[in-house]
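Peer 1: Sharing a structure with you now.
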Amino acid sequence: MRLPPATHLREGSVEERYELIRAEEASFSVVKMCEWLEVSRSGYYDWLTRPPTAAAERRELLGLKVKAIFDDSRGTYGARRVARVLRHAGEVVSLRLIRRLMAELGLVPAAPRPYKRTTIADKALAAIADHLGRDFSAAAPGVKLVGDITYVRTWEGWLYLATVIDCFSRRIIGWAMADHMRASLICDALEMAATNTEFAPGVIFHSDRGTQYSSREFAACCRRLNVTQSMGRTGICWDNALAESFFASLKNELIYRIVLPTRNKARLAIAEYIEVFYNRQRLHSANDYKTPAQVEADHHNNRIAA
C-alpha cells in the first residue's frame, strides 16, 4: 500500500490514523506517515503504550464474533445476516459497523452468478394456469409448493437435482437426484415432499413449463397426490423466482466452492447442504431471518397454544 500525502487519508479520526500508521510501519517511516496524516509523533507513541479503551476492546471482541458467525455460515452470510445473528444474541450493532468489520477482516460472502435459462418448453403443452402469480407467500405449510430442476457438473458427468420447496417456510421438503432428468426424477421429489409434509386440500405445485413438468407421467403423479399443477410463462425466471433463488444459493454457497470428482460425492454434499444447513441453520430474509425449521416449529407451537 502506498501512502501519498493525500487529503482523503486525513479524513478518519485520530485513532483511525494511528491504526493506519501501525499497520504500515514496516513499509514507511513513522515520521513521514505522521506528517502525511497530520498527527504528532509523540501522540502516536503515547497511543501505542496506552491501555485499550472499552470501545476498542468491544470492537475487538465484536470482530471475533463476526468472524465466528461468518465461519459458521460456511462463508455465506453477508453483513445483514451477521447483524441479525448478533442482534438475536442481544448485541446492539449497526449494519454499517458490521460491514466495516467484515471489510477489515477480509470476510467476503459468496456472490451470486448471472442467471442462465435452462427450461426447454414443450410447444404442444396444454394450457396450465399460473395459480401463484409470483405470490410466494402462504398461510400454512403444505398449501403452496414450488419446484424446479438444475444440473451439477462432476468429473463423471452431470448430476440432476429436482426440488420441492414449501412457500410457507422456504423449507426443501422434497428432493431427488439422478444421472438423468426424466419425469421420474420430479415425481420422486414430489412423492418425498408428500411423505415429509401434510398437503392441504387443493395444494398447489408451481413450476416452469419444462417438458418434465408438462409430461403425462408427472400429471398422473399430481393427480395421485391430489396436487393442483401451476405453471409460469416460458423463459420468465421471475415466475418461479423462489425455486431459482434456492438453486442460486446452492451453487454459490456450495457447488462453486468445492471439487466434485464423482456423482456420489455431489449427492452427499448436496443432501448435507439441504438437510443440515439450508433447512435448519441458514437464516432466510423472507422468514424475518429465521430458519425454515424454526418457522415451522413456531407455526406448530402457535397451533397448539390456540
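In the C-alpha cells, the first chain shown is A, the next is B, and so on; residue numbers restart at 1 for each chain, and ligands run from 1 in the order shown.
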Write out as a PyMOL selection string the set of residues from range 29-144 of chain A that DSSP, computed on the backbone, places in helix (DSSP H, G or I).
Peer 2: chain A and resi 30-37+41-49+54-72+79-88+95-105
Peer 1: Determine, counting only C-alpha atoms, which protein, DNA and RNA residues have an atom within 10 Å of an atom of Ala139 in chain A; residues of the same chain fewer than 6 positions away are not included. Present the result as a ChimeraX atom specification.
Peer 2: /A:167-169,299
Peer 1: Hey, can you spit out that residue selection with N, CA and C atoms as a PDB file, in the first residue's frame?
Peer 2:
```pdb
ATOM      1  N   CYS A 167     -43.642 -22.939   0.246  1.00  0.00           N
ATOM      2  CA  CYS A 167     -43.612 -21.471   0.252  1.00  0.00           C
ATOM      3  C   CYS A 167     -43.779 -20.890   1.651  1.00  0.00           C
ATOM      4  N   PHE A 168     -44.428 -21.617   2.557  1.00  0.00           N
ATOM      5  CA  PHE A 168     -44.668 -21.088   3.890  1.00  0.00           C
ATOM      6  C   PHE A 168     -43.370 -20.855   4.646  1.00  0.00           C
ATOM      7  N   SER A 169     -42.497 -21.851   4.648  1.00  0.00           N
ATOM      8  CA  SER A 169     -41.277 -21.773   5.460  1.00  0.00           C
ATOM      9  C   SER A 169     -39.995 -21.699   4.639  1.00  0.00           C
ATOM     10  N   HIS A 299     -44.935 -22.205  13.944  1.00  0.00           N
ATOM     11  CA  HIS A 299     -46.307 -22.415  13.477  1.00  0.00           C
ATOM     12  C   HIS A 299     -46.972 -23.553  14.259  1.00  0.00           C
TER      13      HIS A 299
END
```
Peer 1: Which residues come within 6 Å of Phe205 in chain A, counting only C-alpha atoms, excluding same-chain residues fewer than 5 positions away, as number ranges by chain?
Peer 2: A: 145-146, 229-230
Peer 1: Just write the chosen residues, C-alpha atoms, as a short mmCIF file (atom, residue, chain, number, x, y, z; two decimals), in the first residue's frame.
Peer 2:
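Okay, selection12.cif is ready:
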```
data_model
loop_
_atom_site.label_atom_id
_atom_site.label_comp_id
_atom_site.auth_asym_id
_atom_site.auth_seq_id
_atom_site.Cartn_x
_atom_site.Cartn_y
_atom_site.Cartn_z
CA LEU A 145 -45.19 -25.60 -3.28
CA VAL A 146 -42.67 -24.70 -5.98
CA GLN A 229 -50.49 -28.02 -11.14
CA SER A 230 -49.49 -24.41 -11.78
#
```
Peer 1: What lies within 12 Å of Ala68 in chain A using only C-alpha atoms, ignoring chain neighbours under 4 positions off, as a list in words?
Peer 2: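 What passes the distance filter is Leu61, Leu62, Gly63, Leu64, Asp72, Ser73, Arg74, Gly75, Tyr77, Val82, Val85, Leu86, Met102, Leu105 and Leu107 of chain A.
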Peer 1: Please produce a file of the residues just selected, as a short mmCIF file (atom, residue, chain, number, x, y, z; two decimals), in the first residue's frame, where the atoms kept are C-alpha atoms.
Peer 2:
```
data_model
loop_
_atom_site.label_atom_id
_atom_site.label_comp_id
_atom_site.auth_asym_id
_atom_site.auth_seq_id
_atom_site.Cartn_x
_atom_site.Cartn_y
_atom_site.Cartn_z
CA LEU A 61 -14.50 -8.82 20.70
CA LEU A 62 -17.20 -7.97 18.17
CA GLY A 63 -14.74 -8.73 15.36
CA LEU A 64 -14.16 -12.20 16.83
CA ASP A 72 -20.42 -20.97 10.98
CA SER A 73 -22.37 -19.83 7.91
CA ARG A 74 -19.75 -21.55 5.73
CA GLY A 75 -18.69 -18.18 4.36
CA TYR A 77 -23.52 -14.65 5.29
CA VAL A 82 -24.39 -11.39 10.50
CA VAL A 85 -27.47 -13.10 14.38
CA LEU A 86 -25.71 -10.62 16.67
CA MET A 102 -16.20 -7.59 7.71
CA LEU A 105 -11.36 -8.85 8.43
CA LEU A 107 -14.75 -11.56 5.04
#
```
Peer 1: May I have the residues within 10 Å of Arg41 in chain A as a list in words, using only C-alpha atoms and disregarding those fewer than 5 positions away in the same chain?
Peer 2: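 Near neighbours after the sequence-gap exclusion: Tyr18, Val30, Val31, Lys32, Met33, Cys34, Glu35, Asp46 and Trp47 of chain A.
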Peer 1: Using only C-alpha atoms, find the one residue out of A:Glu244, A:Asp179, A:Glu60, A:Asp71 that sits nearest to Asp208 in chain A.
Peer 2: A:Glu244
Peer 1: Please list as a list in words every residue within 12 Å of Val93 in chain A, counting only C-alpha atoms and excluding residues in the same chain fewer than 6 positions away.
Peer 2: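 My list of contacting residues is Arg58, Arg59, Leu62, Gly63, Lys65, Val66, Ala79, Arg80, Val82, Ala83, Arg84, Val85, Leu86, Arg87, Arg99, Arg100 and Leu101 of chain A.
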